[in-house]
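Undergrad: This is protein_20.cif (mmCIF, C-alpha atoms).
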data_input
loop_
_atom_site.label_atom_id
_atom_site.label_comp_id
_atom_site.auth_asym_id
_atom_site.auth_seq_id
_atom_site.Cartn_x
_atom_site.Cartn_y
_atom_site.Cartn_z
CA MET E 1 29.80 -15.26 7.61
CA ASN E 2 26.34 -14.49 6.18
CA ASP E 3 23.56 -12.36 7.67
CA SER E 4 22.23 -15.23 9.78
CA GLY E 5 25.57 -15.65 11.50
CA ASN E 6 26.46 -18.91 9.73
CA PHE E 7 29.70 -19.47 7.92
CA HIS E 8 29.45 -19.91 4.17
CA VAL E 9 30.28 -23.40 2.94
CA SER E 10 33.49 -23.18 0.92
CA PRO E 11 33.05 -24.49 -2.62
CA ALA E 12 35.18 -27.22 -4.13
CA ARG E 13 38.42 -26.11 -5.70
CA PRO E 14 38.17 -24.63 -9.22
CA ALA E 15 39.48 -27.69 -11.07
CA VAL E 16 36.73 -29.82 -9.55
CA ARG E 17 33.98 -27.26 -10.08
CA ALA E 18 35.00 -27.05 -13.74
CA LEU E 19 34.51 -30.79 -14.32
CA VAL E 20 31.82 -31.67 -16.82
CA ALA E 21 28.94 -33.64 -15.35
CA SER E 22 28.04 -36.84 -17.19
CA GLN E 23 25.43 -36.19 -19.86
CA ILE E 24 24.91 -39.95 -20.12
CA ARG E 25 23.84 -40.02 -16.49
CA GLU E 26 21.59 -37.02 -16.95
CA VAL E 27 19.80 -38.64 -19.89
CA ALA E 28 19.51 -41.92 -17.98
CA ASN E 29 18.19 -40.20 -14.88
CA ALA E 30 15.32 -38.89 -16.99
CA GLY E 31 14.21 -42.43 -17.77
CA LEU E 32 15.54 -44.86 -15.16
CA ASP E 33 12.26 -44.88 -13.23
CA ASP E 34 10.15 -45.36 -16.36
CA ALA E 35 9.60 -49.07 -16.99
CA ASP E 36 8.51 -48.33 -20.56
CA VAL E 37 11.92 -46.91 -21.55
CA LEU E 38 14.18 -49.31 -23.44
CA PRO E 39 17.71 -48.48 -22.21
CA PHE E 40 20.87 -48.73 -24.30
CA TRP E 41 22.65 -45.77 -22.70
CA PHE E 42 25.15 -47.48 -20.39
CA GLY E 43 28.03 -49.70 -21.48
CA GLU E 44 26.82 -52.91 -19.93
CA PRO E 45 25.09 -56.10 -21.06
CA ASP E 46 21.54 -57.22 -20.46
CA GLU E 47 22.85 -60.53 -19.09
CA VAL E 48 23.78 -61.12 -15.46
CA THR E 49 27.23 -62.27 -14.40
CA PRO E 50 27.59 -66.05 -15.01
CA ALA E 51 26.66 -68.32 -12.11
CA PHE E 52 30.13 -69.79 -11.62
CA ILE E 53 31.51 -66.31 -10.94
CA ARG E 54 28.66 -65.38 -8.59
CA ASP E 55 29.03 -68.71 -6.78
CA ALA E 56 32.73 -68.04 -6.13
CA ALA E 57 31.85 -64.76 -4.41
CA ALA E 58 29.09 -66.41 -2.39
CA SER E 59 31.45 -69.18 -1.27
CA SER E 60 34.01 -66.62 -0.21
CA LEU E 61 31.43 -64.79 1.88
CA ALA E 62 30.26 -68.08 3.38
CA ARG E 63 33.87 -68.74 4.45
CA GLY E 64 33.93 -65.41 6.22
CA GLU E 65 36.40 -63.68 3.88
CA THR E 66 35.24 -60.23 4.89
CA PHE E 67 38.54 -58.74 6.06
CA TYR E 68 41.15 -56.47 4.49
CA SER E 69 43.50 -57.87 1.87
CA GLN E 70 46.87 -56.77 0.51
CA ASN E 71 47.02 -53.38 -1.23
CA PHE E 72 47.94 -55.00 -4.54
CA GLY E 73 45.36 -57.80 -4.28
CA ILE E 74 45.39 -61.39 -3.11
CA PRO E 75 48.45 -63.26 -4.46
CA GLU E 76 46.36 -65.86 -6.28
CA LEU E 77 44.60 -63.23 -8.35
CA ARG E 78 47.78 -61.31 -9.13
CA ASP E 79 49.35 -64.56 -10.30
CA ALA E 80 46.32 -65.36 -12.47
CA ILE E 81 46.28 -61.90 -14.06
CA ALA E 82 50.01 -62.14 -14.73
CA ALA E 83 49.50 -65.52 -16.42
CA TYR E 84 46.62 -64.10 -18.48
CA VAL E 85 48.65 -61.10 -19.64
CA THR E 86 51.61 -63.35 -20.38
CA ARG E 87 49.44 -65.60 -22.54
CA LEU E 88 47.92 -62.73 -24.51
CA HIS E 89 50.85 -60.31 -24.72
CA ARG E 90 54.28 -60.71 -23.11
CA PRO E 91 55.93 -62.36 -20.11
CA THR E 92 54.60 -60.45 -17.11
CA PRO E 93 55.42 -61.22 -13.47
CA ALA E 94 52.86 -60.77 -10.72
CA SER E 95 55.11 -58.07 -9.26
CA GLN E 96 54.00 -55.78 -12.12
CA VAL E 97 50.27 -56.32 -11.45
CA ALA E 98 48.09 -54.26 -9.12
CA VAL E 99 44.47 -55.23 -8.47
CA THR E 100 42.20 -52.18 -8.16
CA SER E 101 38.68 -51.44 -7.02
CA SER E 102 37.35 -51.02 -10.59
CA GLY E 103 38.91 -50.19 -13.93
CA MET E 104 37.93 -46.59 -13.21
CA SER E 105 40.08 -46.70 -10.09
CA ALA E 106 42.95 -48.17 -12.11
CA LEU E 107 42.85 -45.17 -14.42
CA MET E 108 42.54 -42.65 -11.60
CA LEU E 109 45.43 -44.19 -9.64
CA THR E 110 47.63 -44.25 -12.72
CA VAL E 111 47.04 -40.61 -13.55
CA GLU E 112 47.48 -39.62 -9.90
CA ALA E 113 50.87 -41.33 -9.95
CA LEU E 114 52.08 -39.51 -13.06
CA VAL E 115 50.40 -36.13 -13.51
CA ALA E 116 51.08 -32.85 -11.70
CA PRO E 117 49.23 -29.53 -12.04
CA GLY E 118 50.02 -27.89 -15.35
CA ASP E 119 51.25 -31.06 -17.05
CA ARG E 120 50.30 -31.55 -20.69
CA VAL E 121 48.15 -34.63 -21.29
CA VAL E 122 47.11 -35.74 -24.79
CA VAL E 123 43.98 -37.83 -25.36
CA VAL E 124 42.48 -39.34 -28.52
CA THR E 125 38.82 -38.41 -28.85
CA PRO E 126 35.82 -38.91 -29.03
CA LEU E 127 36.33 -40.65 -25.71
CA TRP E 128 34.58 -41.87 -22.61
CA PRO E 129 34.30 -38.62 -20.64
CA ASN E 130 35.94 -40.00 -17.48
CA LEU E 131 39.24 -40.33 -19.30
CA VAL E 132 39.19 -36.70 -20.39
CA GLU E 133 38.14 -35.37 -16.99
CA ILE E 134 40.51 -37.42 -14.78
CA PRO E 135 43.62 -35.36 -15.66
CA LYS E 136 41.62 -32.17 -15.13
CA ILE E 137 40.92 -33.23 -11.54
CA LEU E 138 44.69 -33.01 -11.07
CA SER E 139 44.80 -29.61 -12.81
CA ALA E 140 46.52 -30.90 -15.93
CA ASN E 141 46.14 -29.30 -19.36
CA VAL E 142 44.32 -31.70 -21.68
CA VAL E 143 44.89 -31.61 -25.45
CA CYS E 144 42.44 -33.57 -27.63
CA VAL E 145 43.36 -35.19 -30.95
CA PRO E 146 40.18 -36.20 -32.81
CA LEU E 147 39.56 -39.36 -34.74
CA GLU E 148 37.97 -38.88 -38.17
CA PHE E 149 34.66 -40.44 -39.21
CA THR E 150 34.33 -42.25 -42.52
CA MET E 151 31.64 -44.63 -43.71
CA SER E 152 34.12 -47.49 -43.47
CA GLY E 153 35.11 -46.71 -39.90
CA TRP E 154 36.83 -44.19 -37.66
CA THR E 155 40.47 -43.42 -38.42
CA LEU E 156 43.42 -41.85 -36.64
CA ASP E 157 45.50 -39.11 -38.25
CA LEU E 158 48.84 -40.39 -36.99
CA ASP E 159 50.80 -37.33 -38.06
CA ARG E 160 48.40 -35.08 -36.18
CA LEU E 161 48.76 -37.17 -33.03
CA LEU E 162 52.56 -37.26 -33.21
CA ALA E 163 52.63 -33.48 -33.71
CA ALA E 164 50.54 -33.08 -30.55
CA LEU E 165 52.95 -35.30 -28.60
CA THR E 166 55.52 -32.56 -28.08
CA PRO E 167 58.57 -33.03 -25.81
CA ALA E 168 56.63 -31.06 -23.19
CA THR E 169 53.93 -33.77 -23.04
CA ARG E 170 53.81 -35.83 -19.87
CA LEU E 171 51.23 -38.41 -20.81
CA LEU E 172 49.21 -39.92 -23.69
CA ILE E 173 45.90 -41.61 -22.85
CA ILE E 174 44.63 -43.91 -25.55
CA ASN E 175 41.60 -46.22 -25.46
CA SER E 176 41.50 -48.96 -28.09
CA PRO E 177 39.09 -50.51 -28.87
CA ASN E 178 37.53 -47.16 -28.30
CA ASN E 179 34.45 -46.13 -26.42
CA PRO E 180 32.35 -44.76 -28.12
CA THR E 181 33.50 -45.22 -31.74
CA GLY E 182 34.75 -48.81 -31.79
CA TRP E 183 37.95 -47.58 -33.47
CA THR E 184 40.81 -50.02 -32.93
CA ILE E 185 44.42 -48.99 -33.38
CA ASP E 186 46.58 -50.96 -35.80
CA ARG E 187 50.02 -52.34 -35.07
CA ALA E 188 51.91 -49.94 -37.35
CA ASP E 189 50.44 -46.90 -35.60
CA GLN E 190 51.24 -48.41 -32.21
CA GLN E 191 54.85 -48.92 -33.22
CA ALA E 192 55.16 -45.32 -34.44
CA ILE E 193 53.55 -43.93 -31.29
CA LEU E 194 55.71 -46.02 -28.97
CA ALA E 195 58.91 -45.03 -30.78
CA HIS E 196 57.93 -41.34 -30.63
CA CYS E 197 57.04 -41.51 -26.92
CA ARG E 198 60.30 -43.32 -26.14
CA ARG E 199 62.29 -40.52 -27.80
CA HIS E 200 60.54 -37.84 -25.78
CA GLY E 201 60.03 -39.66 -22.47
CA ILE E 202 56.24 -39.56 -22.74
CA TRP E 203 54.18 -42.01 -20.71
CA ILE E 204 51.52 -44.07 -22.51
CA VAL E 205 48.44 -45.09 -20.54
CA ALA E 206 46.43 -47.64 -22.51
CA ASP E 207 42.85 -48.28 -21.44
CA ASP E 208 42.52 -51.89 -22.61
CA VAL E 209 39.13 -52.70 -21.13
CA TYR E 210 37.66 -53.73 -24.52
CA GLU E 211 40.70 -55.62 -25.81
CA ARG E 212 38.84 -58.97 -26.01
CA LEU E 213 35.88 -57.45 -27.90
CA VAL E 214 37.17 -57.33 -31.48
CA TYR E 215 35.40 -58.54 -34.61
CA ASP E 216 38.19 -59.53 -36.99
CA GLY E 217 38.69 -63.02 -35.58
CA SER E 218 41.67 -62.04 -33.42
CA ASP E 219 41.99 -63.28 -29.86
CA CYS E 220 42.43 -59.70 -28.69
CA ALA E 221 43.09 -56.20 -30.00
CA PRO E 222 46.64 -54.95 -30.62
CA SER E 223 48.17 -53.86 -27.32
CA PHE E 224 51.12 -51.67 -26.43
CA LEU E 225 52.10 -54.50 -24.09
CA ASP E 226 52.90 -56.59 -27.17
CA LEU E 227 55.58 -54.08 -28.16
CA ALA E 228 56.83 -52.45 -24.98
CA ALA E 229 59.76 -53.64 -22.93
CA PRO E 230 59.09 -54.00 -19.19
CA GLU E 231 61.02 -50.80 -18.46
CA ASP E 232 59.16 -48.70 -21.06
CA ARG E 233 56.91 -45.91 -19.88
CA VAL E 234 53.81 -47.92 -20.76
CA ILE E 235 50.94 -48.72 -18.42
CA SER E 236 47.96 -50.91 -19.25
CA THR E 237 44.73 -50.61 -17.29
CA ASN E 238 41.97 -53.17 -17.55
CA SER E 239 38.74 -54.30 -15.96
CA PHE E 240 36.64 -57.39 -15.35
CA SER E 241 33.52 -55.42 -16.28
CA LYS E 242 33.15 -55.98 -20.00
CA ALA E 243 34.59 -59.31 -21.15
CA TRP E 244 33.35 -61.24 -18.09
CA LEU E 245 29.99 -59.44 -17.64
CA MET E 246 30.98 -58.02 -14.23
CA THR E 247 30.12 -54.32 -14.52
CA GLY E 248 28.67 -54.00 -11.02
CA TRP E 249 31.48 -55.86 -9.28
CA ARG E 250 33.94 -52.96 -9.63
CA LEU E 251 37.28 -54.69 -10.07
CA GLY E 252 40.17 -53.92 -12.39
CA TRP E 253 43.92 -54.10 -12.66
CA ILE E 254 47.06 -52.24 -13.68
CA VAL E 255 50.18 -53.58 -15.40
CA ALA E 256 53.04 -51.13 -14.79
CA PRO E 257 56.85 -51.01 -14.76
CA ASP E 258 58.51 -52.30 -11.59
CA ALA E 259 59.84 -48.86 -10.72
CA LEU E 260 56.31 -47.44 -10.41
CA MET E 261 54.81 -50.21 -8.28
CA PRO E 262 55.86 -48.98 -4.79
CA ASP E 263 54.22 -45.63 -5.42
CA LEU E 264 51.10 -47.23 -6.85
CA GLY E 265 50.90 -49.24 -3.64
CA LYS E 266 50.90 -46.04 -1.60
CA LEU E 267 48.14 -44.55 -3.74
CA ILE E 268 45.99 -47.67 -3.43
CA GLU E 269 46.38 -47.45 0.36
CA TYR E 270 45.32 -43.81 0.40
CA ASN E 271 42.43 -44.28 -2.06
CA THR E 272 40.71 -47.58 -1.27
CA SER E 273 43.31 -49.52 0.79
CA CYS E 274 42.38 -52.76 -0.97
CA SER E 275 39.71 -54.53 -3.00
CA PRO E 276 37.12 -56.80 -1.31
CA VAL E 277 38.33 -60.39 -1.05
CA PHE E 278 35.03 -61.95 -2.13
CA VAL E 279 35.05 -59.86 -5.31
CA GLN E 280 38.64 -60.93 -5.97
CA ARG E 281 37.64 -64.59 -5.54
CA ALA E 282 34.96 -64.08 -8.17
CA ALA E 283 37.51 -62.44 -10.48
CA LEU E 284 39.94 -65.29 -9.93
CA VAL E 285 37.54 -67.91 -11.29
CA ALA E 286 36.51 -65.52 -14.07
CA ILE E 287 40.02 -65.04 -15.41
CA THR E 288 40.98 -68.68 -14.82
CA ASP E 289 37.87 -70.43 -16.16
CA GLY E 290 36.10 -67.69 -18.08
CA GLU E 291 37.27 -68.14 -21.68
CA PRO E 292 33.95 -69.79 -22.63
CA THR E 293 32.18 -66.74 -21.18
CA ILE E 294 34.29 -64.42 -23.32
CA ALA E 295 33.62 -66.56 -26.41
CA HIS E 296 29.88 -66.50 -25.70
CA THR E 297 29.93 -62.75 -25.13
CA LEU E 298 31.91 -62.03 -28.28
CA ALA E 299 29.64 -64.21 -30.43
CA ARG E 300 26.57 -62.53 -29.01
CA TYR E 301 27.92 -59.02 -29.52
CA SER E 302 29.13 -59.87 -33.01
CA ALA E 303 25.64 -61.00 -33.98
CA ALA E 304 24.15 -57.88 -32.40
CA ARG E 305 26.61 -55.66 -34.29
CA ASP E 306 25.86 -57.43 -37.56
CA PHE E 307 22.16 -56.80 -37.05
CA LEU E 308 22.24 -53.26 -35.66
CA VAL E 309 24.63 -51.53 -38.06
CA PRO E 310 22.71 -52.48 -41.25
CA ALA E 311 19.39 -51.79 -39.51
CA LEU E 312 20.51 -48.29 -38.55
CA SER E 313 21.95 -47.62 -42.00
CA ARG E 314 18.52 -48.19 -43.52
CA LEU E 315 16.93 -45.47 -41.41
CA PRO E 316 16.43 -41.99 -42.87
CA ARG E 317 19.28 -39.50 -42.30
CA VAL E 318 21.45 -42.01 -40.45
CA GLU E 319 25.15 -42.54 -41.21
CA VAL E 320 26.87 -45.39 -39.40
CA ALA E 321 30.14 -47.28 -39.79
CA PRO E 322 30.73 -50.80 -38.47
CA PRO E 323 32.82 -50.68 -35.27
CA ALA E 324 35.99 -52.77 -35.30
CA GLY E 325 35.77 -53.41 -31.57
CA ALA E 326 34.02 -52.64 -28.27
CA MET E 327 30.22 -52.81 -27.95
CA TYR E 328 28.85 -49.61 -29.42
CA ALA E 329 27.43 -48.20 -32.63
CA PHE E 330 28.33 -44.50 -32.85
CA PHE E 331 26.16 -43.06 -35.59
CA ARG E 332 25.33 -39.67 -37.02
CA ILE E 333 21.84 -38.36 -37.72
CA ASP E 334 21.65 -35.59 -40.28
CA GLY E 335 20.02 -32.50 -38.84
CA VAL E 336 20.81 -33.33 -35.20
CA GLY E 337 22.93 -30.47 -33.93
CA ASP E 338 22.35 -30.95 -30.21
CA SER E 339 22.64 -34.64 -29.41
CA PHE E 340 22.02 -34.07 -25.69
CA GLU E 341 18.61 -32.50 -26.26
CA PHE E 342 17.86 -35.06 -28.96
CA CYS E 343 18.50 -37.96 -26.55
CA LYS E 344 16.37 -36.38 -23.86
CA ARG E 345 13.53 -36.10 -26.37
CA LEU E 346 14.08 -39.73 -27.37
CA VAL E 347 13.58 -40.80 -23.77
CA ARG E 348 10.48 -38.67 -23.36
CA ASP E 349 8.78 -39.22 -26.69
CA ALA E 350 10.09 -42.54 -28.02
CA LYS E 351 10.85 -44.30 -24.73
CA LEU E 352 14.31 -45.08 -26.08
CA GLY E 353 17.47 -44.55 -24.05
CA LEU E 354 20.64 -43.74 -26.01
CA ALA E 355 23.77 -41.76 -25.11
CA PRO E 356 24.44 -38.33 -26.65
CA GLY E 357 27.61 -37.97 -28.68
CA SER E 358 28.36 -34.66 -26.98
CA ALA E 359 29.03 -36.63 -23.78
CA PHE E 360 32.23 -37.82 -25.45
CA GLY E 361 33.55 -34.37 -26.26
CA PRO E 362 32.92 -31.76 -28.96
CA GLU E 363 34.15 -34.24 -31.58
CA GLY E 364 31.17 -36.44 -30.78
CA GLU E 365 28.50 -33.80 -31.26
CA GLY E 366 25.89 -34.81 -33.82
CA PHE E 367 26.49 -38.50 -33.08
CA ILE E 368 24.57 -40.92 -30.88
CA ARG E 369 25.97 -43.96 -29.04
CA TRP E 370 24.01 -47.21 -28.89
CA CYS E 371 25.33 -50.02 -26.68
CA PHE E 372 24.47 -53.22 -28.53
CA ALA E 373 25.32 -55.66 -25.70
CA SER E 374 21.76 -56.85 -25.86
CA SER E 375 19.39 -59.44 -27.25
CA GLN E 376 18.26 -59.13 -30.84
CA ALA E 377 14.65 -58.84 -29.74
CA ARG E 378 15.48 -55.73 -27.69
CA LEU E 379 17.51 -54.30 -30.57
CA ILE E 380 14.66 -54.85 -33.03
CA ASP E 381 12.30 -53.06 -30.66
CA GLY E 382 14.78 -50.21 -30.23
CA VAL E 383 15.35 -49.73 -33.95
CA GLY E 384 11.60 -49.64 -34.48
CA ARG E 385 11.21 -46.92 -31.86
CA LEU E 386 13.98 -44.84 -33.41
CA GLU E 387 12.55 -45.26 -36.91
CA ARG E 388 9.11 -44.12 -35.81
CA PHE E 389 10.64 -41.13 -34.03
CA LEU E 390 12.69 -40.09 -37.06
CA ARG E 391 9.76 -40.39 -39.43
#
Represent the structure of the file as structure tokens.

TA:
Amino acid sequence: MNDSGNFHVSPARPAVRALVASQIREVANAGLDDADVLPFWFGEPDEVTPAFIRDAAASSLARGETFYSQNFGIPELRDAIAAYVTRLHRPTPASQVAVTSSGMSALMLTVEALVAPGDRVVVVTPLWPNLVEIPKILSANVVCVPLEFTMSGWTLDLDRLLAALTPATRLLIINSPNNPTGWTIDRADQQAILAHCRRHGIWIVADDVYERLVYDGSDCAPSFLDLAAPEDRVISTNSFSKAWLMTGWRLGWIVAPDALMPDLGKLIEYNTSCSPVFVQRAALVAITDGEPTIAHTLARYSAARDFLVPALSRLPRVEVAPPAGAMYAFFRIDGVGDSFEFCKRLVRDAKLGLAPGSAFGPEGEGFIRWCFASSQARLIDGVGRLERFLR
């Protein structure tokens, strides 16, 4: 009780207070209300969700589908996701699919199911900060294994990763194609990692949200689902946000071994209970009829990548490698030691919104992330603003 007779408000528990606030959000908050700022900070496109997807949600609402649904999602959507995963990767029954209220929720639920306080969790960085912080919410010990930057692309030191995956490790979190670097794991490294994790009983959680955004002509990026048996300790999380232009809809999914599904169902009940039916109806038409949307999106992003990377490389002090996947250029500017302060100055002085590399961990410091899911006209304007600022 304080001097006024009121009880002090108890703070959040230490693991939560220690979480790192999003620097991307902080930079964006400095410019969201300024119409003159050109934003490339968030990982989302400048196009709205296609009309056929929006119409499916509107029709669902018009039919009055405003009630609860099953914890794991409506059967039609689970069936459609299972068929999609089967086509891209391996035979997958709907019983191994859980629909979640966002890809973020899929990741949180998965880690909640597997990680206890004090568990060792290994992550490959630089990485979207949410993936690093989620295990910390559960009081896990997070060990980071950094990718290495070269002018031809980011690379993984496989031996270093395998050394970090000790028998005491509970979980490996790996995001490929990677946000922010665009690094995409190759099949040989996947095979080595899977074999190592099998020997030591380590779970693999693969964040596959960008798997359809690859620039080598493949239909999708290499996936652990291509290699893993159904009983392996491998979980794939995914989202409708990126490939189908549905960032604001907040819907994702999990593919997990049968043995884990009952417990995932409990966690869904105690987190969100279920996903909205009208959003699931939109996702159903997206995954069933949305291949032209994915093709359009990939072609657009490929053209944007092919413009932006050379344009950035011509700027003074800039080092950039072409990303193999995802939707970001992650580039270094010589002389920038504090990317967070640099990006705040960019917003203020150049009216340009980019994401600081430090938001993705210490390994990202000195780098800047540019989401190129945008029209060429906007990219040209953005490069011009950056060039004037650097000069």

Undergrad: Using all atoms listed in the file, find all polymer residues with an atom at most 9 Å away from the point (13.8, -45.1, -40.6); report them as a PyMOL selection string.

TA: chain E and resi 311-318+383-384+386-391

Undergrad: Got a sec to resolve the PyMOL selection byres ((chain E and resi 281) around 12) on this structure and send the residues as a PyMOL selection string?

TA: chain E and resi 52-61+63+65-66+69+73-78+80+99+249+251+275-280+282-288

Undergrad: Please expand the PyMOL selection byres ((chain E and resi 111) around 9) into the concrete residues it hits in this file, giving the result as a list in words.

TA: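 Evaluating the PyMOL selection byres ((chain E and resi 111) around 9) on these coordinates yields Ala106, Leu107, Met108, Leu109, Thr110, Glu112, Ala113, Leu114, Val115, Ala116, Ile134, Pro135, Leu138, Leu171 and Val205 of chain E.
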
Undergrad: Between E:Pro322, E:Gly353, E:Gly118, E:Pro167, which residue has the minimum interatomic distance to Arg385 in chain E, considering all atoms listed in the file?

TA: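 The closest residue to Arg385 in chain E is E:Gly353.
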
Undergrad: Check the smallest atom-to-atom distance from each of E:Asp33, E:Asp334, E:Asp46, E:Glu365 to Arg378 in chain E using only C-alpha atoms, then report the winner.

TA: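 Selected residue with least distance to Arg378 in chain E: E:Asp46.
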
Undergrad: In Å, with one decimal, what is the gap from CA of Val214 in chain E to CA of Pro323 in chain E?

TA: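 Between CA of Val214 in chain E and CA of Pro323 in chain E the gap works out to 8.8 Å.
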
Undergrad: Near range 324-332 of chain E, within 9 Å and counting all atoms listed in the file, which residues show up once chain neighbours fewer than 3 positions away are dropped, as a ChimeraX atom specification?

TA: /E:43-44,153-154,176-184,209-216,221,242,301-302,305,308-309,312-313,317-321,336,357,364-373

Undergrad: Just the number, please: distance in Å from CA of Thr293 in chain E to CA of Leu352 in chain E, one decimal.

TA: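 Between CA of Thr293 in chain E and CA of Leu352 in chain E the gap works out to 28.5 Å.
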
Undergrad: Using the chain letters and numbers from the file, give me the residues hit by the PyMOL selection byres ((chain E and resi 161-166) around 8), as a list of chain:residue names.

TA: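 What the PyMOL selection byres ((chain E and resi 161-166) around 8) grabs from the file is E:Val122, E:Val143, E:Val145, E:Leu156, E:Asp157, E:Leu158, E:Asp159, E:Arg160, E:Pro167, E:Ala168, E:Thr169, E:Leu172, E:Ile193, E:His196, E:Cys197, E:His200, E:Ile202.
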
Undergrad: Taking only C-alpha atoms into account, name the residue in E:Gly382, E:Gly64, E:Pro356, E:Pro11 that is nearest to Leu38 in chain E.

TA: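 Nearest to Leu38 in chain E: E:Gly382.
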
Undergrad: May I ask for the distance between CA of Ile333 in chain E and CA of Trp41 in chain E, given in Å to one decimal place?

TA: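 So the two atoms, CA of Ile333 in chain E and CA of Trp41 in chain E, lie 16.8 Å apart.
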
Undergrad: Of the candidates E:Asp338, E:Phe307, E:Cys220, E:Asn71, which one gets nearest to Ser101 in chain E if we count only C-alpha atoms?

TA: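 Answer, going by the shortest atom-to-atom distance: E:Asn71.
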
Undergrad: Please determine, counting all atoms listed in the file, which residue among E:Val37, E:Ala82, E:Met246, E:Leu147 has the shortest atom-to-atom distance to Asp381 in chain E.

TA: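 Ranked by minimum distance to Asp381 in chain E, first place goes to E:Val37.
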
Undergrad: Atoms are missing here; could range 128-140 of chain E be completed with N, CA and C atoms and written as an mmCIF file, keeping the file's coordinate frame?

TA:
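So the final result, stored in out.cif, reads:
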data_model
loop_
_atom_site.group_PDB
_atom_site.id
_atom_site.type_symbol
_atom_site.label_atom_id
_atom_site.label_comp_id
_atom_site.auth_asym_id
_atom_site.auth_seq_id
_atom_site.Cartn_x
_atom_site.Cartn_y
_atom_site.Cartn_z
ATOM 1 N N TRP E 128 35.304 -41.771 -23.870
ATOM 2 C CA TRP E 128 34.580 -41.870 -22.610
ATOM 3 C C TRP E 128 34.948 -40.670 -21.735
ATOM 4 N N PRO E 129 33.977 -39.892 -21.282
ATOM 5 C CA PRO E 129 34.300 -38.620 -20.640
ATOM 6 C C PRO E 129 35.183 -38.738 -19.404
ATOM 7 N N ASN E 130 35.101 -39.844 -18.682
ATOM 8 C CA ASN E 130 35.940 -40.000 -17.480
ATOM 9 C C ASN E 130 37.411 -39.861 -17.798
ATOM 10 N N LEU E 131 37.831 -40.372 -18.951
ATOM 11 C CA LEU E 131 39.240 -40.330 -19.300
ATOM 12 C C LEU E 131 39.718 -38.917 -19.618
ATOM 13 N N VAL E 132 38.832 -38.087 -20.102
ATOM 14 C CA VAL E 132 39.190 -36.700 -20.390
ATOM 15 C C VAL E 132 39.206 -35.876 -19.096
ATOM 16 N N GLU E 133 38.290 -36.177 -18.197
ATOM 17 C CA GLU E 133 38.140 -35.370 -16.990
ATOM 18 C C GLU E 133 39.128 -35.761 -15.884
ATOM 19 N N ILE E 134 39.588 -37.002 -15.843
ATOM 20 C CA ILE E 134 40.510 -37.420 -14.780
ATOM 21 C C ILE E 134 41.737 -36.508 -14.692
ATOM 22 N N PRO E 135 42.459 -36.241 -15.797
ATOM 23 C CA PRO E 135 43.620 -35.360 -15.660
ATOM 24 C C PRO E 135 43.245 -33.953 -15.202
ATOM 25 N N LYS E 136 42.044 -33.512 -15.545
ATOM 26 C CA LYS E 136 41.620 -32.170 -15.130
ATOM 27 C C LYS E 136 41.423 -32.091 -13.621
ATOM 28 N N ILE E 137 41.034 -33.206 -12.989
ATOM 29 C CA ILE E 137 40.920 -33.230 -11.540
ATOM 30 C C ILE E 137 42.266 -32.870 -10.902
ATOM 31 N N LEU E 138 43.344 -33.279 -11.565
ATOM 32 C CA LEU E 138 44.690 -33.010 -11.070
ATOM 33 C C LEU E 138 45.272 -31.731 -11.661
ATOM 34 N N SER E 139 44.417 -30.915 -12.261
ATOM 35 C CA SER E 139 44.800 -29.610 -12.810
ATOM 36 C C SER E 139 45.801 -29.714 -13.954
ATOM 37 N N ALA E 140 45.701 -30.780 -14.728
ATOM 38 C CA ALA E 140 46.520 -30.900 -15.930
ATOM 39 C C ALA E 140 45.859 -30.161 -17.088
#
